[in-house]
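Peer 1: Please read through the structure below; I'll follow up with questions.
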Amino acid sequence: MKNVWIVDDDRSIRWVLEKALSREGLPWRSFENAIDVQNALENETPAVLVSDVRMPGESGLSLLKKIKAAHPQVPVIVMTAFSDLDTAVQAFQGGAFEYLPKPFDVEQALDLIRRAAAVTETAPSSEERTAGEREMLGKAAAMQDVFRAIGRLSQSHVTVLITGESGTGKELVARALHEHSPRKGKPFIAINTAAIPKDLLESELFGHERGSFTGAAATRQGRFQQAEGGTLFLDEIGDMPADLQVRLLRVLQDGEYYRVGGQAPMKSNVRIIAATHQNLDERVRQGMFREDLLHRLNVVRLRLPPLRERREDVPLLMKHFLSKSAQTLGGEAKVLTAAAMQVLQNFSFPGNVRQLENICHWITVMAPGSQVDVADLPPEVRGAAAGSTTAEAVAAPATSVPQDRPATVPAVLAEATGVTPGATVAVNGNHHASGSPAVSGDWQQALAAALAAAIQHGERAPGERLTREFETTMIRSALTQTKGRRIEASEWLGWGRNTLTRKIHEYGLDDDV
């Protein structure tokens with residue numbers, strides 16, 4: 001087998017992949033930049049290229065484009081810490097075998113490399129980006145699945161059914177599918193079938209002839225005709241009346257329809273993308289939606305996750321929409337304190353991303369200063385946070401960590417808690433090995449106090465030191481409890497195994513753990 005090539009300016013990422021490939025007996029060669037890769041291609045080609053996107057000098061996407069032009073048989077896996085729709089779509093349209101967002105699981109990366117060694121995919125390149133897509137942000141795994149699906153569908157005319165709660169961004173996804181399809185440049189027509197009265201919806205969709213009903217003073221084009229050659233987005237398809245479901249089914253089956261009052265059939269060359277917040281399978285069982293129509297629409301189904309299932313994306317979305325609100329409404333973008341951000345991440349967001357955007361507008365207008373604390377958040381967010389705190393205090397649920405499992409105290413918190421740095425303490429217990437008092441109170445307040453003290457003493461970038469010390473303590477403690485088993489330790493820490501391995505290497509803990 002030829003070498004697997006790795007190109008990334010991050011030495012720790014190269015190290016993790018090199019070790020993993022060596023363990024599996026796969027030959028490898030690594031590079032720091034795209035120029036070195038292009039020079040090496042003059043003499044040989046790799047079995048697989050694993051490339052970062054954003055590197056000093058030439059980007060990974062630019063490298064991908066050149067490799068696919070000169071060596072289309074070489075499969076390229078694109079990896080990046082900047083997990084957004086634009087990068088994913090550009091990667092797939094540029095011919096990438098797969099898109100791998102960081103941090104990734106090493107086993108997943110190895111599986112992709114093995115599959116890529118046997119399969120080569122090519123696709124035309126495109127670097128277009130719409131304003132709507134820039135608002136489709138997300139590092140969560142569920143959103144990465146959506147980005148991949150859009151990339152894979154970029155050269156298809158297939159019918160798509162988008163499901164998800166209100167406010168999750170179904171129309172944004174529909175527009176992205178259109179913009180990255182062969183129909184881009186043609187009309188994109190959107191219609192909410194639940195917002196139009198039943199008596200008018202037929203005419204709205206199919207148009208009508210002059211004199212076909214009272215008030216029809218002239219012939220009118222319907223949305224199908226307006227979208228000819230392009231895409232028709234039918235939002236809230238689950239609320240479409242039964243008789244119109246029959247007419248829509250005929251268009252999908254035969255590719256033709258009649259205007260209201262018309263006698264001659266009209267041909268339709270339109271891609272249908274439908275969306276709903278309802279469970280269409282359940283509505284079929286209830287007799288409220290045609291099963292044959294569901295099968296016609298459900299060629300490819302994309303589920304958009306609610307925001308409560310992707311809480312890790314809240315900071316990214318808040319920053320984006322606060323900046324957008326500042327540009328729209330005028331003024332400087334507000335900045336959230338860590339405490340305010342934590343409250344927002346714990347908020348359920350029943351209105352999903354749409355509600356988050358509205359909250360950003362509210363903060364931009366109503367928050368008194370440039371820095372936004374918990375007290376400056378909208379009342380419904382503060383109320384939910386207060387209710388959650390009260391409920392937790394009353395319920396007092398037991399921690400999932402065994403009470404007899406010890407943990408060590410970071411030096412970060414030592415001064416604030418009065419415990420010797422590195423001392424072993426009992427979780428939820430009353431005693432610990434050092435003999436000094438058990439840790440009590442709010443460790444988050446203690447951490448804040450440590451940071452404040454460092455700032456007051458004029459220390460430069462204390463957050464970096466505190467983070468390193470805190471994570472080092474967590475790593476040591478987790479590996480102590482798991483007797484060095486890294487997979488189990490990474491699960492306790494909530495990290496991927498490769499993330500744990502990378503941090504061990506970065507913090508110089510290889511010999512210690």
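Going by the structure tokens order, chains are called A, B, ..., each with residues numbered from 1, while ligands are numbered from 1 in the order shown.
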Can you tell me which residues surround Pro46 in chain A at a distance of at most 9 Å, considering only C-alpha atoms, apart from same-chain residues fewer than 5 positions away, and format the answer as a list in words?
Peer 2: Lys2, Asn3, Val4, Trp5, Trp28, Arg29, Leu41, Val74 and Pro75 of chain A
Peer 1: Any chance you can output those residues with N, CA and C atoms as an mmCIF file, in the first residue's frame?
Peer 2:
data_model
loop_
_atom_site.group_PDB
_atom_site.id
_atom_site.type_symbol
_atom_site.label_atom_id
_atom_site.label_comp_id
_atom_site.auth_asym_id
_atom_site.auth_seq_id
_atom_site.Cartn_x
_atom_site.Cartn_y
_atom_site.Cartn_z
ATOM 1 N N LYS A 2 0.483 2.246 -0.780
ATOM 2 C CA LYS A 2 1.185 3.520 -0.778
ATOM 3 C C LYS A 2 1.003 4.216 0.577
ATOM 4 N N ASN A 3 1.787 5.263 0.761
ATOM 5 C CA ASN A 3 1.705 6.012 2.009
ATOM 6 C C ASN A 3 0.384 6.770 2.134
ATOM 7 N N VAL A 4 -0.062 6.915 3.374
ATOM 8 C CA VAL A 4 -1.134 7.852 3.691
ATOM 9 C C VAL A 4 -0.471 9.186 4.015
ATOM 10 N N TRP A 5 -0.844 10.222 3.313
ATOM 11 C CA TRP A 5 -0.245 11.541 3.539
ATOM 12 C C TRP A 5 -1.117 12.356 4.488
ATOM 13 N N TRP A 28 2.874 5.982 6.409
ATOM 14 C CA TRP A 28 2.429 7.370 6.359
ATOM 15 C C TRP A 28 3.583 8.319 6.058
ATOM 16 N N ARG A 29 3.195 9.505 5.672
ATOM 17 C CA ARG A 29 4.138 10.593 5.473
ATOM 18 C C ARG A 29 3.404 11.888 5.825
ATOM 19 N N LEU A 41 4.267 15.598 -4.761
ATOM 20 C CA LEU A 41 3.443 14.981 -5.796
ATOM 21 C C LEU A 41 4.177 14.869 -7.133
ATOM 22 N N VAL A 74 -6.888 10.141 -6.492
ATOM 23 C CA VAL A 74 -6.437 10.200 -5.096
ATOM 24 C C VAL A 74 -7.591 10.660 -4.201
ATOM 25 N N PRO A 75 -8.046 9.812 -3.282
ATOM 26 C CA PRO A 75 -9.114 10.243 -2.370
ATOM 27 C C PRO A 75 -8.568 11.193 -1.307
#
Peer 1: So that I can check the secondary structure, give me every residue of range 169-391 of chain A assigned alpha helix (DSSP H) by backbone DSSP, as a ChimeraX atom specification.
Peer 2: /A:170-179,198-206,223-226,242-254,280-285,291-297,314-329,338-346,352-366,379-391
Peer 1: Pick from A:Ile363, A:Ala69, A:Ala40, A:Leu26: nearest to Leu322 in chain A, with only C-alpha atoms counted?
Peer 2: A:Ile363
Peer 1: Would you mind listing what lies within 12 Å of Glu24 in chain A as a PyMOL selection string, with only C-alpha atoms counted and same-chain residues fewer than 4 positions away left out?
Peer 2: chain A and resi 4+17-20+28+106-107+110-111+113-114
Peer 1: Can you spit out the residues from that selection as a short mmCIF file (atom, residue, chain, number, x, y, z; two decimals), in the first residue's frame, using all heavy atoms?
Peer 2:
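again-v2.cif written:
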data_model
loop_
_atom_site.label_atom_id
_atom_site.label_comp_id
_atom_site.auth_asym_id
_atom_site.auth_seq_id
_atom_site.Cartn_x
_atom_site.Cartn_y
_atom_site.Cartn_z
N VAL A 4 -0.06 6.92 3.37
CA VAL A 4 -1.13 7.85 3.69
C VAL A 4 -0.47 9.19 4.02
O VAL A 4 0.40 9.24 4.89
CB VAL A 4 -1.96 7.37 4.90
CG1 VAL A 4 -2.98 8.42 5.30
CG2 VAL A 4 -2.64 6.04 4.59
N LEU A 17 -2.35 11.27 14.43
CA LEU A 17 -2.62 10.44 13.26
C LEU A 17 -1.43 9.54 12.93
O LEU A 17 -1.61 8.38 12.53
CB LEU A 17 -2.98 11.32 12.06
CG LEU A 17 -4.34 12.01 12.14
CD1 LEU A 17 -4.52 12.98 10.98
CD2 LEU A 17 -5.47 10.98 12.13
N GLU A 18 -0.22 10.06 13.08
CA GLU A 18 0.96 9.23 12.82
C GLU A 18 0.99 8.02 13.75
O GLU A 18 1.27 6.89 13.31
CB GLU A 18 2.22 10.08 13.02
CG GLU A 18 2.44 11.12 11.93
CD GLU A 18 3.48 12.16 12.32
OE1 GLU A 18 4.09 12.02 13.41
OE2 GLU A 18 3.66 13.12 11.56
N LYS A 19 0.74 8.24 15.03
CA LYS A 19 0.75 7.14 15.99
C LYS A 19 -0.35 6.12 15.67
O LYS A 19 -0.13 4.90 15.75
CB LYS A 19 0.56 7.69 17.41
CG LYS A 19 1.72 8.51 17.92
CD LYS A 19 2.97 7.66 18.08
CE LYS A 19 4.12 8.47 18.66
NZ LYS A 19 5.37 7.67 18.75
N ALA A 20 -1.53 6.63 15.32
CA ALA A 20 -2.65 5.73 15.01
C ALA A 20 -2.36 4.89 13.77
O ALA A 20 -2.63 3.67 13.75
CB ALA A 20 -3.92 6.54 14.82
N TRP A 28 2.87 5.98 6.41
CA TRP A 28 2.43 7.37 6.36
C TRP A 28 3.58 8.32 6.06
O TRP A 28 4.75 7.96 6.20
CB TRP A 28 1.77 7.78 7.68
CG TRP A 28 2.64 7.55 8.90
CD1 TRP A 28 2.64 6.45 9.69
CD2 TRP A 28 3.65 8.42 9.41
NE1 TRP A 28 3.58 6.57 10.68
CE2 TRP A 28 4.22 7.78 10.55
CE3 TRP A 28 4.13 9.66 9.05
CZ2 TRP A 28 5.24 8.35 11.30
CZ3 TRP A 28 5.16 10.25 9.79
CH2 TRP A 28 5.70 9.60 10.90
N VAL A 106 -10.28 8.99 16.73
CA VAL A 106 -9.21 8.36 15.96
C VAL A 106 -9.71 7.14 15.20
O VAL A 106 -9.36 6.93 14.04
CB VAL A 106 -8.04 7.98 16.89
CG1 VAL A 106 -7.03 7.12 16.14
CG2 VAL A 106 -7.36 9.23 17.42
N GLU A 107 -10.56 6.34 15.85
CA GLU A 107 -11.08 5.14 15.18
C GLU A 107 -11.91 5.51 13.96
O GLU A 107 -11.89 4.82 12.93
CB GLU A 107 -11.89 4.30 16.16
CG GLU A 107 -11.08 3.71 17.30
CD GLU A 107 -9.90 2.88 16.81
OE1 GLU A 107 -10.07 2.17 15.79
OE2 GLU A 107 -8.83 2.94 17.42
N LEU A 110 -9.47 6.46 11.22
CA LEU A 110 -8.85 5.28 10.64
C LEU A 110 -9.81 4.53 9.72
O LEU A 110 -9.42 4.04 8.65
CB LEU A 110 -8.36 4.34 11.75
CG LEU A 110 -7.13 4.79 12.54
CD1 LEU A 110 -6.88 3.86 13.70
CD2 LEU A 110 -5.91 4.87 11.63
N ASP A 111 -11.07 4.45 10.12
CA ASP A 111 -12.06 3.78 9.29
C ASP A 111 -12.23 4.51 7.96
O ASP A 111 -12.32 3.88 6.90
CB ASP A 111 -13.39 3.71 10.03
CG ASP A 111 -14.48 3.03 9.21
OD1 ASP A 111 -14.31 1.84 8.87
OD2 ASP A 111 -15.49 3.69 8.89
N ILE A 113 -9.97 6.37 6.48
CA ILE A 113 -8.76 6.19 5.69
C ILE A 113 -8.78 4.82 5.00
O ILE A 113 -8.42 4.70 3.82
CB ILE A 113 -7.52 6.35 6.59
CG1 ILE A 113 -7.36 7.81 7.00
CG2 ILE A 113 -6.27 5.87 5.87
CD1 ILE A 113 -6.32 8.05 8.08
N ARG A 114 -9.22 3.80 5.72
CA ARG A 114 -9.30 2.47 5.11
C ARG A 114 -10.27 2.45 3.93
O ARG A 114 -10.00 1.86 2.88
CB ARG A 114 -9.72 1.44 6.15
CG ARG A 114 -8.70 1.19 7.27
CD ARG A 114 -9.13 0.01 8.12
NE ARG A 114 -8.38 -0.05 9.37
CZ ARG A 114 -8.82 0.42 10.54
NH1 ARG A 114 -10.01 0.99 10.62
NH2 ARG A 114 -8.10 0.32 11.62
#
Peer 1: Tell me, as a list in words, which residues lie within 9 Å of Ser212 in chain A, counting only C-alpha atoms; anything in the same chain fewer than 5 positions away does not count.
Peer 2: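 Non-adjacent residues within range: Ala217, Thr219, Val260, Gly261 and Gly262 of chain A.
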Peer 1: Please provide the set of residues having any atom within 10 Å of Pro306 in chain A, restricted to only C-alpha atoms, with same-chain residues fewer than 4 positions apart removed, written as a count of residues only.
Peer 2: 15
Peer 1: Using only C-alpha atoms, find each residue of range 183-289 of chain A with at least one atom at most 8 Å away from an atom of range 159-163 of chain A; report its shortest atom-to-atom pair and that distance in Å (one decimal), sort the rows by chain and rising residue number, and return the result as CSV.
Peer 2:
residue,atom,partner,partner_atom,distance
A:Arg271,CA,A:Thr159,CA,6.4
A:Ile272,CA,A:Thr159,CA,5.4
A:Ile273,CA,A:Val160,CA,4.9
A:Ala274,CA,A:Leu161,CA,4.9
A:Ala275,CA,A:Ile162,CA,4.5
A:Thr276,CA,A:Thr163,CA,5.2
A:His277,CA,A:Thr163,CA,5.7
A:Gln278,CA,A:Thr163,CA,7.5
Peer 1: With N, CA, C and O atoms retained, write the just-selected residues as a PDB file, in the first residue's frame.
Peer 2:
ATOM      1  N   ARG A 271     -38.026  20.921  -9.072  1.00  0.00           N
ATOM      2  CA  ARG A 271     -37.589  20.067  -7.965  1.00  0.00           C
ATOM      3  C   ARG A 271     -38.400  20.433  -6.721  1.00  0.00           C
ATOM      4  O   ARG A 271     -38.502  21.602  -6.361  1.00  0.00           O
ATOM      5  N   ILE A 272     -38.938  19.420  -6.067  1.00  0.00           N
ATOM      6  CA  ILE A 272     -39.742  19.645  -4.868  1.00  0.00           C
ATOM      7  C   ILE A 272     -38.896  19.385  -3.624  1.00  0.00           C
ATOM      8  O   ILE A 272     -38.267  18.332  -3.487  1.00  0.00           O
ATOM      9  N   ILE A 273     -38.872  20.372  -2.740  1.00  0.00           N
ATOM     10  CA  ILE A 273     -38.324  20.194  -1.397  1.00  0.00           C
ATOM     11  C   ILE A 273     -39.453  20.534  -0.431  1.00  0.00           C
ATOM     12  O   ILE A 273     -40.016  21.623  -0.492  1.00  0.00           O
ATOM     13  N   ALA A 274     -39.815  19.590   0.407  1.00  0.00           N
ATOM     14  CA  ALA A 274     -40.915  19.785   1.347  1.00  0.00           C
ATOM     15  C   ALA A 274     -40.375  19.794   2.773  1.00  0.00           C
ATOM     16  O   ALA A 274     -39.299  19.257   3.055  1.00  0.00           O
ATOM     17  N   ALA A 275     -41.137  20.425   3.667  1.00  0.00           N
ATOM     18  CA  ALA A 275     -40.715  20.493   5.066  1.00  0.00           C
ATOM     19  C   ALA A 275     -41.927  20.428   5.970  1.00  0.00           C
ATOM     20  O   ALA A 275     -43.040  20.827   5.584  1.00  0.00           O
ATOM     21  N   THR A 276     -41.715  19.908   7.165  1.00  0.00           N
ATOM     22  CA  THR A 276     -42.800  19.849   8.144  1.00  0.00           C
ATOM     23  C   THR A 276     -42.229  19.724   9.545  1.00  0.00           C
ATOM     24  O   THR A 276     -41.121  19.187   9.731  1.00  0.00           O
ATOM     25  N   HIS A 277     -42.997  20.229  10.521  1.00  0.00           N
ATOM     26  CA  HIS A 277     -42.620  20.024  11.919  1.00  0.00           C
ATOM     27  C   HIS A 277     -43.399  18.852  12.514  1.00  0.00           C
ATOM     28  O   HIS A 277     -43.188  18.486  13.669  1.00  0.00           O
ATOM     29  N   GLN A 278     -44.278  18.259  11.704  1.00  0.00           N
ATOM     30  CA  GLN A 278     -45.135  17.186  12.193  1.00  0.00           C
ATOM     31  C   GLN A 278     -44.558  15.810  11.858  1.00  0.00           C
ATOM     32  O   GLN A 278     -43.700  15.674  10.994  1.00  0.00           O
TER      33      GLN A 278
END
Peer 1: Any idea what's packed within 9 Å of Gly255 in chain A, counting only C-alpha atoms, ignoring anything in its chain fewer than 5 positions away? Could you give it as a list in words?
Peer 2: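 Near neighbours after the sequence-gap exclusion: Arg250, Met266, Lys267, Ser268, Asn269 and Val270 of chain A.
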Peer 1: Only N, CA and C atoms, please: the residues just picked out, written as a PDB file, in the first residue's frame.
Peer 2:
ATOM      1  N   ARG A 250     -50.075  13.852  -8.309  1.00  0.00           N
ATOM      2  CA  ARG A 250     -50.106  13.699  -9.770  1.00  0.00           C
ATOM      3  C   ARG A 250     -48.954  14.449 -10.424  1.00  0.00           C
ATOM      4  N   MET A 266     -50.196  21.308 -18.301  1.00  0.00           N
ATOM      5  CA  MET A 266     -48.962  22.088 -18.334  1.00  0.00           C
ATOM      6  C   MET A 266     -47.839  21.220 -17.782  1.00  0.00           C
ATOM      7  N   LYS A 267     -46.736  21.194 -18.497  1.00  0.00           N
ATOM      8  CA  LYS A 267     -45.580  20.417 -18.071  1.00  0.00           C
ATOM      9  C   LYS A 267     -44.865  21.115 -16.914  1.00  0.00           C
ATOM     10  N   SER A 268     -44.316  20.318 -16.030  1.00  0.00           N
ATOM     11  CA  SER A 268     -43.618  20.877 -14.872  1.00  0.00           C
ATOM     12  C   SER A 268     -42.227  20.264 -14.765  1.00  0.00           C
ATOM     13  N   ASN A 269     -41.228  21.129 -14.740  1.00  0.00           N
ATOM     14  CA  ASN A 269     -39.846  20.715 -14.494  1.00  0.00           C
ATOM     15  C   ASN A 269     -39.377  21.440 -13.237  1.00  0.00           C
ATOM     16  N   VAL A 270     -39.785  20.931 -12.110  1.00  0.00           N
ATOM     17  CA  VAL A 270     -39.532  21.585 -10.822  1.00  0.00           C
ATOM     18  C   VAL A 270     -39.032  20.549  -9.828  1.00  0.00           C
TER      19      VAL A 270
END
Peer 1: Identify which of the residues A:Gly211, A:Pro101, A:Gly138, A:Gly185 lies closest to Val78 in chain A, counting only C-alpha atoms when measuring atom-to-atom distances.
Peer 2: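 Between A:Gly211, A:Pro101, A:Gly138, A:Gly185, the residue approaching Val78 in chain A most closely is A:Pro101.
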Peer 1: Quick check, in Å to one decimal: how far apart do CA of Gln155 in chain A and CA of Ala176 in chain A lie?
Peer 2: 12.3 Å
Peer 1: At a cut-off of 12 Å, using only C-alpha atoms, what residues contact Gly508 in chain A? Leave out same-chain residues fewer than 2 positions from it and give the result as a list of chain:residue names.
Peer 2: A:Ser12, A:Arg468, A:Glu469, A:Thr472, A:Ile475, A:Arg476, A:Thr501, A:Arg502, A:Lys503, A:Ile504, A:His505, A:Glu506, A:Asp510, A:Asp511, A:Asp512, A:Val513
Peer 1: Using only C-alpha atoms, please write the residues we just selected to a file, as an mmCIF file, in the first residue's frame.
Peer 2:
data_model
loop_
_atom_site.group_PDB
_atom_site.id
_atom_site.type_symbol
_atom_site.label_atom_id
_atom_site.label_comp_id
_atom_site.auth_asym_id
_atom_site.auth_seq_id
_atom_site.Cartn_x
_atom_site.Cartn_y
_atom_site.Cartn_z
ATOM 1 C CA SER A 12 -0.229 17.566 17.708
ATOM 2 C CA ARG A 468 -3.779 23.956 31.388
ATOM 3 C CA GLU A 469 -3.531 23.342 35.140
ATOM 4 C CA THR A 472 -3.959 18.478 33.657
ATOM 5 C CA ILE A 475 -6.546 14.048 33.133
ATOM 6 C CA ARG A 476 -4.401 12.778 36.012
ATOM 7 C CA THR A 501 -4.294 11.701 23.654
ATOM 8 C CA ARG A 502 -3.592 15.101 22.111
ATOM 9 C CA LYS A 503 -3.909 16.911 25.434
ATOM 10 C CA ILE A 504 -1.633 14.373 27.160
ATOM 11 C CA HIS A 505 0.956 15.096 24.481
ATOM 12 C CA GLU A 506 0.468 18.883 24.612
ATOM 13 C CA ASP A 510 3.193 11.019 28.289
ATOM 14 C CA ASP A 511 5.712 9.725 30.835
ATOM 15 C CA ASP A 512 3.528 10.474 33.854
ATOM 16 C CA VAL A 513 0.338 8.702 32.756
#
Peer 1: Any idea what the distance is between CA of Ile13 in chain A and CA of Glu309 in chain A?
Peer 2: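 CA of Glu309 in chain A lies 27.8 Å from CA of Ile13 in chain A.
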Peer 1: What does the distance between CA of Gly494 in chain A and CA of Lys102 in chain A come to in Å, to one decimal place?
Peer 2: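 Interatomic distance here is 14.8 Å.
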